[in-house]
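Chemist: Take a look at this one; I'll ask things after.
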Amino acid sequence: ADYKARRRALVDALRARADAQQRDLRAWLDARGIAYRPFWIANLVYAKLSADDLAELAARRDIRRVEPNPAIAVSLPRPSVARPPAAPEGTQAIAWGVDKIKAPQVWAAGYTGQGVVIAGQDTGYRWDHPALKSQYRGWNGSSADHNYSWHDAIHSANSSCPANSPQPCDDNGHGTHTAGTFAGDDHATHQVGVAPGSKWIGCRNMNAGNGTPATYIECMEWMLAPTDLQNNNPDPDRAPDIISNSWTCTEGEGCTVGNEILHAVTHLTSGGILFVAAAANNGPGCSSITNPPATYSASLTIGATDINDALAGFSSRGPVLVSPRFGQAQVKPDVSGPGVNVNSAWPPSGYANLSGTSMATPHVAGAAALLMSAVPALKGRPNTVAHLLRSTAATSGVTDPVNQACGGTPRTQWPNNMIGHGRIDVFAAYQAAVSGALNLPDEP
């Protein structure tokens, strides 16, 4: 497809730029025996430096900026119910959020996400969970091959996962839960996923809930050109169609001092990949969407609603303050999705209820997969898919109980800076996509 050719050209250009512009710096690091990891997706190098090294490095003319890479704990939702009662034998219980966004109506039309790859970058994944195993791209039905379907950006061991884990590992549970929502189905009693016919791949970008700019960027680089388990032979053609991002990078992590995360996200979307990002859980105050990647115009930013279509009090609100880093000023969140008491997969083989915009985000990633499944020409067109989801979002009965007017947009105005364009309705988006009725934006 043309978008794959464009992605290959983009990756080649980014790698060539990094090779040329980092060559002298890498030679300097090599000569001093300094451990480092170069990144081409954002043209930066992560290195462990002494104070003397740092002073000498800062004086170099080929260095634009030197920033720290601290590990900061991400505030991740935890289960409210460790093991909810299983559905009665012989039934398939469809999770309320999956039903709310009308995914089953799209399934009935024959589209469950087949032919689409969704990626997650999170605390890792329990790949052999009953709801996830058959959808994992690295599983062929009889054996597992984790090359190109898994990457571990965590290079130190903890009590749950080894360093550079050779197979998907989840040291928290959060990642497994989000994957369950975008692709999960145990084909028995738990239909927790929006796109159970899709395939999924994953990257661990947090160490027991602690992320750094380097771990986030490493996963994003891998997403644009997945590699084998030795981190060799990058292949942009095996990149996912959609990335679900239920994480934020705070100011303390160094993510609001520069453009590194922004450049990585922008290059992913330029490569034809839809980047879906959680708004965060710092509501109900206005202007509480403050951290990347939710602040970027390139991200499809997601708020959280409950079973009654009320915006969750914790869901972060816009507007995003205008800054050159954040792109053009726009309404945020873009849309909202089910994010309160969401039942999904939990390691090792159970299910749990969690609340957060982390839970809403994979609903939207799964919805995008249904659209691409129904209309394969939408693959490689992230702006078009985002436009479809925004323009068909449900507004009737969708409320903000706090009754705010963040950024001057009251809840009676659509879009607004609390809920966005509304709560996603994937069946309405599917109908619009297959009818061709919408005037869809052009993409290169």
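Ligands are numbered from 1 in the order shown, chains are lettered A, B, ... in the order of the structure tokens, and residues start at 1 in each chain.
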Write out as a list in words all residues of range 90-194 of chain A that backbone DSSP assigns to helix (DSSP H, G or I).

Modeler: Trp96, Gly97, Val98, Asp99, Lys100, Ala103, Pro104, Gln105, Val106, Trp107, Ala108, Lys133, Ser134, Gln135, His174, Gly175, Thr176, His177, Thr178, Ala179, Gly180, Thr181, Phe182 and Ala183 of chain A

Chemist: Could you save the residues just selected, with N, CA, C and O atoms, as a tab-separated table (two decimals), in the first residue's frame?

Modeler:
```
chain	number	residue	atom	x	y	z
A	96	TRP	N	-19.99	-3.77	29.37
A	96	TRP	CA	-20.96	-2.68	29.16
A	96	TRP	C	-20.43	-1.60	28.22
A	96	TRP	O	-21.18	-1.04	27.41
A	97	GLY	N	-19.12	-1.33	28.30
A	97	GLY	CA	-18.57	-0.29	27.44
A	97	GLY	C	-18.57	-0.69	25.98
A	97	GLY	O	-18.80	0.13	25.09
A	98	VAL	N	-18.28	-1.97	25.73
A	98	VAL	CA	-18.30	-2.50	24.36
A	98	VAL	C	-19.70	-2.34	23.77
A	98	VAL	O	-19.88	-1.95	22.61
A	99	ASP	N	-20.68	-2.65	24.59
A	99	ASP	CA	-22.07	-2.53	24.16
A	99	ASP	C	-22.47	-1.06	23.99
A	99	ASP	O	-23.16	-0.69	23.03
A	100	LYS	N	-22.02	-0.21	24.91
A	100	LYS	CA	-22.40	1.20	24.90
A	100	LYS	C	-21.97	1.90	23.61
A	100	LYS	O	-22.72	2.72	23.07
A	103	ALA	N	-20.38	-1.55	19.47
A	103	ALA	CA	-19.49	-2.45	18.74
A	103	ALA	C	-20.22	-3.70	18.23
A	103	ALA	O	-19.98	-4.13	17.09
A	104	PRO	N	-21.13	-4.31	19.01
A	104	PRO	CA	-21.79	-5.52	18.51
A	104	PRO	C	-22.56	-5.30	17.20
A	104	PRO	O	-22.68	-6.23	16.40
A	105	GLN	N	-23.06	-4.09	16.96
A	105	GLN	CA	-23.75	-3.82	15.70
A	105	GLN	C	-22.78	-3.87	14.52
A	105	GLN	O	-23.14	-4.28	13.42
A	106	VAL	N	-21.54	-3.44	14.76
A	106	VAL	CA	-20.54	-3.53	13.69
A	106	VAL	C	-20.12	-4.99	13.50
A	106	VAL	O	-19.93	-5.44	12.37
A	107	TRP	N	-19.99	-5.73	14.60
A	107	TRP	CA	-19.69	-7.16	14.48
A	107	TRP	C	-20.75	-7.86	13.63
A	107	TRP	O	-20.43	-8.70	12.79
A	108	ALA	N	-22.00	-7.49	13.87
A	108	ALA	CA	-23.11	-8.14	13.15
A	108	ALA	C	-23.03	-7.89	11.65
A	108	ALA	O	-23.53	-8.69	10.85
A	133	LYS	N	-4.70	-14.44	24.24
A	133	LYS	CA	-3.74	-15.32	23.56
A	133	LYS	C	-4.04	-15.49	22.08
A	133	LYS	O	-3.14	-15.34	21.23
A	134	SER	N	-5.27	-15.78	21.72
A	134	SER	CA	-5.55	-16.08	20.31
A	134	SER	C	-5.45	-14.85	19.43
A	134	SER	O	-5.30	-14.96	18.20
A	135	GLN	N	-5.52	-13.64	20.02
A	135	GLN	CA	-5.43	-12.41	19.24
A	135	GLN	C	-4.00	-11.87	19.15
A	135	GLN	O	-3.74	-10.93	18.39
A	174	HIS	N	-2.07	-3.31	34.58
A	174	HIS	CA	-2.71	-2.22	33.83
A	174	HIS	C	-2.67	-2.46	32.33
A	174	HIS	O	-3.67	-2.28	31.62
A	175	GLY	N	-1.51	-2.87	31.81
A	175	GLY	CA	-1.40	-3.10	30.38
A	175	GLY	C	-2.30	-4.22	29.90
A	175	GLY	O	-2.99	-4.09	28.86
A	176	THR	N	-2.32	-5.33	30.63
A	176	THR	CA	-3.18	-6.45	30.28
A	176	THR	C	-4.64	-6.03	30.23
A	176	THR	O	-5.39	-6.42	29.33
A	177	HIS	N	-5.04	-5.19	31.18
A	177	HIS	CA	-6.43	-4.72	31.23
A	177	HIS	C	-6.77	-3.89	29.99
A	177	HIS	O	-7.83	-4.06	29.39
A	178	THR	N	-5.86	-3.01	29.59
A	178	THR	CA	-6.15	-2.17	28.43
A	178	THR	C	-6.21	-3.01	27.15
A	178	THR	O	-7.06	-2.79	26.29
A	179	ALA	N	-5.31	-4.00	27.02
A	179	ALA	CA	-5.33	-4.86	25.84
A	179	ALA	C	-6.63	-5.66	25.77
A	179	ALA	O	-7.19	-5.87	24.69
A	180	GLY	N	-7.10	-6.09	26.94
A	180	GLY	CA	-8.38	-6.79	26.96
A	180	GLY	C	-9.50	-5.94	26.39
A	180	GLY	O	-10.38	-6.44	25.67
A	181	THR	N	-9.45	-4.65	26.65
A	181	THR	CA	-10.53	-3.77	26.16
A	181	THR	C	-10.42	-3.51	24.67
A	181	THR	O	-11.44	-3.37	23.99
A	182	PHE	N	-9.21	-3.45	24.11
A	182	PHE	CA	-9.19	-3.23	22.66
A	182	PHE	C	-9.31	-4.52	21.85
A	182	PHE	O	-9.80	-4.48	20.73
A	183	ALA	N	-8.91	-5.67	22.41
A	183	ALA	CA	-8.94	-6.88	21.57
A	183	ALA	C	-9.41	-8.15	22.28
A	183	ALA	O	-9.43	-9.21	21.67
```

Chemist: Please list as JSON, numbers by chain every residue within 8 Å of Ala131 in chain A, counting only C-alpha atoms and excluding residues in the same chain fewer than 6 positions away.

Modeler: {"A": [180, 184, 185, 186, 187, 190, 192, 345]}

Chemist: Counting only C-alpha atoms, which residues in range 247-321 of chain A sit no more than 12 Å from range 13-32 of chain A? For each one, give the nearest pair of atoms and the distance in Å, sorted by chain then residue number, as a tab-separated table.

Modeler:
```
residue	atom	partner	partner_atom	distance
A:His263	CA	A:Leu14	CA	11.0
A:Ala264	CA	A:Leu14	CA	10.7
A:His267	CA	A:Leu14	CA	9.1
A:Leu268	CA	A:Leu14	CA	11.6
A:Ser270	CA	A:Leu14	CA	11.9
A:Gly271	CA	A:Leu14	CA	11.4
```

Chemist: Among the residues of range 320-383 of chain A, find those DSSP assigns to strand (DSSP E) from the backbone and print them as a PyMOL selection string.

Modeler: chain A and resi 335-338+342-346+350-354

Chemist: Mind dumping the selected residues with N, CA, C and O atoms as a PDB file, in the first residue's frame?

Modeler:
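This is the output file selection07.pdb:
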```pdb
ATOM      1  N   VAL A 335     -12.633  13.179  22.006  1.00  0.00           N
ATOM      2  CA  VAL A 335     -13.866  12.433  22.261  1.00  0.00           C
ATOM      3  C   VAL A 335     -13.729  11.768  23.616  1.00  0.00           C
ATOM      4  O   VAL A 335     -12.654  11.773  24.223  1.00  0.00           O
ATOM      5  N   SER A 336     -14.823  11.173  24.090  1.00  0.00           N
ATOM      6  CA  SER A 336     -14.780  10.411  25.334  1.00  0.00           C
ATOM      7  C   SER A 336     -15.282   8.995  25.074  1.00  0.00           C
ATOM      8  O   SER A 336     -15.889   8.715  24.036  1.00  0.00           O
ATOM      9  N   GLY A 337     -15.005   8.110  26.028  1.00  0.00           N
ATOM     10  CA  GLY A 337     -15.422   6.717  25.900  1.00  0.00           C
ATOM     11  C   GLY A 337     -15.606   6.106  27.272  1.00  0.00           C
ATOM     12  O   GLY A 337     -15.252   6.704  28.294  1.00  0.00           O
ATOM     13  N   PRO A 338     -16.156   4.894  27.330  1.00  0.00           N
ATOM     14  CA  PRO A 338     -16.429   4.239  28.613  1.00  0.00           C
ATOM     15  C   PRO A 338     -15.162   4.056  29.452  1.00  0.00           C
ATOM     16  O   PRO A 338     -14.188   3.466  28.981  1.00  0.00           O
ATOM     17  N   VAL A 342     -14.853  -0.478  34.346  1.00  0.00           N
ATOM     18  CA  VAL A 342     -14.705  -1.255  33.114  1.00  0.00           C
ATOM     19  C   VAL A 342     -14.124  -2.621  33.452  1.00  0.00           C
ATOM     20  O   VAL A 342     -13.066  -2.725  34.077  1.00  0.00           O
ATOM     21  N   ASN A 343     -14.820  -3.683  33.048  1.00  0.00           N
ATOM     22  CA  ASN A 343     -14.360  -5.041  33.301  1.00  0.00           C
ATOM     23  C   ASN A 343     -13.486  -5.504  32.144  1.00  0.00           C
ATOM     24  O   ASN A 343     -13.868  -5.408  30.985  1.00  0.00           O
ATOM     25  N   SER A 344     -12.288  -5.990  32.474  1.00  0.00           N
ATOM     26  CA  SER A 344     -11.393  -6.496  31.436  1.00  0.00           C
ATOM     27  C   SER A 344     -10.403  -7.471  32.050  1.00  0.00           C
ATOM     28  O   SER A 344     -10.464  -7.789  33.235  1.00  0.00           O
ATOM     29  N   ALA A 345      -9.487  -7.950  31.212  1.00  0.00           N
ATOM     30  CA  ALA A 345      -8.535  -8.982  31.613  1.00  0.00           C
ATOM     31  C   ALA A 345      -7.610  -8.504  32.723  1.00  0.00           C
ATOM     32  O   ALA A 345      -7.215  -7.333  32.765  1.00  0.00           O
ATOM     33  N   TRP A 346      -7.227  -9.437  33.602  1.00  0.00           N
ATOM     34  CA  TRP A 346      -6.299  -9.146  34.690  1.00  0.00           C
ATOM     35  C   TRP A 346      -5.401 -10.364  34.893  1.00  0.00           C
ATOM     36  O   TRP A 346      -5.892 -11.495  34.916  1.00  0.00           O
ATOM     37  N   GLY A 350      -7.515 -13.830  35.246  1.00  0.00           N
ATOM     38  CA  GLY A 350      -8.789 -13.361  35.758  1.00  0.00           C
ATOM     39  C   GLY A 350      -9.285 -12.102  35.076  1.00  0.00           C
ATOM     40  O   GLY A 350      -8.835 -11.728  33.977  1.00  0.00           O
ATOM     41  N   TYR A 351     -10.215 -11.429  35.756  1.00  0.00           N
ATOM     42  CA  TYR A 351     -10.846 -10.212  35.239  1.00  0.00           C
ATOM     43  C   TYR A 351     -11.008  -9.237  36.394  1.00  0.00           C
ATOM     44  O   TYR A 351     -11.144  -9.640  37.546  1.00  0.00           O
ATOM     45  N   ALA A 352     -10.981  -7.954  36.082  1.00  0.00           N
ATOM     46  CA  ALA A 352     -11.077  -6.943  37.130  1.00  0.00           C
ATOM     47  C   ALA A 352     -11.758  -5.703  36.582  1.00  0.00           C
ATOM     48  O   ALA A 352     -11.763  -5.454  35.367  1.00  0.00           O
ATOM     49  N   ASN A 353     -12.337  -4.923  37.487  1.00  0.00           N
ATOM     50  CA  ASN A 353     -12.959  -3.643  37.133  1.00  0.00           C
ATOM     51  C   ASN A 353     -11.998  -2.511  37.472  1.00  0.00           C
ATOM     52  O   ASN A 353     -11.522  -2.418  38.597  1.00  0.00           O
ATOM     53  N   LEU A 354     -11.718  -1.657  36.489  1.00  0.00           N
ATOM     54  CA  LEU A 354     -10.878  -0.483  36.700  1.00  0.00           C
ATOM     55  C   LEU A 354     -11.580   0.743  36.163  1.00  0.00           C
ATOM     56  O   LEU A 354     -12.428   0.648  35.265  1.00  0.00           O
TER      57      LEU A 354
END
```

Chemist: Report the distance between CA of Lys379 in chain A and CA of Thr215 in chain A in Å, rounded to one decimal place.

Modeler: 26.9 Å

Chemist: Kindly give the distance, in Å, that separates CA of Trp222 in chain A and CA of Ile289 in chain A, rounded to a single decimal.

Modeler: 26.4 Å

Chemist: Need to verify the contact set: Pro226 in chain A, 7 Å, only C-alpha atoms, exclusion of same-chain residues closer than 5 positions in sequence. Can you return it as a PyMOL selection string?

Modeler: chain A and resi 148+234-236+238-239

Chemist: Pull the closest atom pair for each residue of range 193-220 of chain A that gets at most 8 Å from range 36-43 of chain A, along with the distance in Å to one decimal, counting only C-alpha atoms, ordering rows by chain and then ascending residue number, as a Markdown table.

Modeler:
```
| residue | atom | partner | partner_atom | distance |
| --- | --- | --- | --- | --- |
| A:Ile217 | CA | A:Ile41 | CA | 7.7 |
| A:Glu218 | CA | A:Phe39 | CA | 7.2 |
| A:Met220 | CA | A:Ile41 | CA | 7.8 |
```
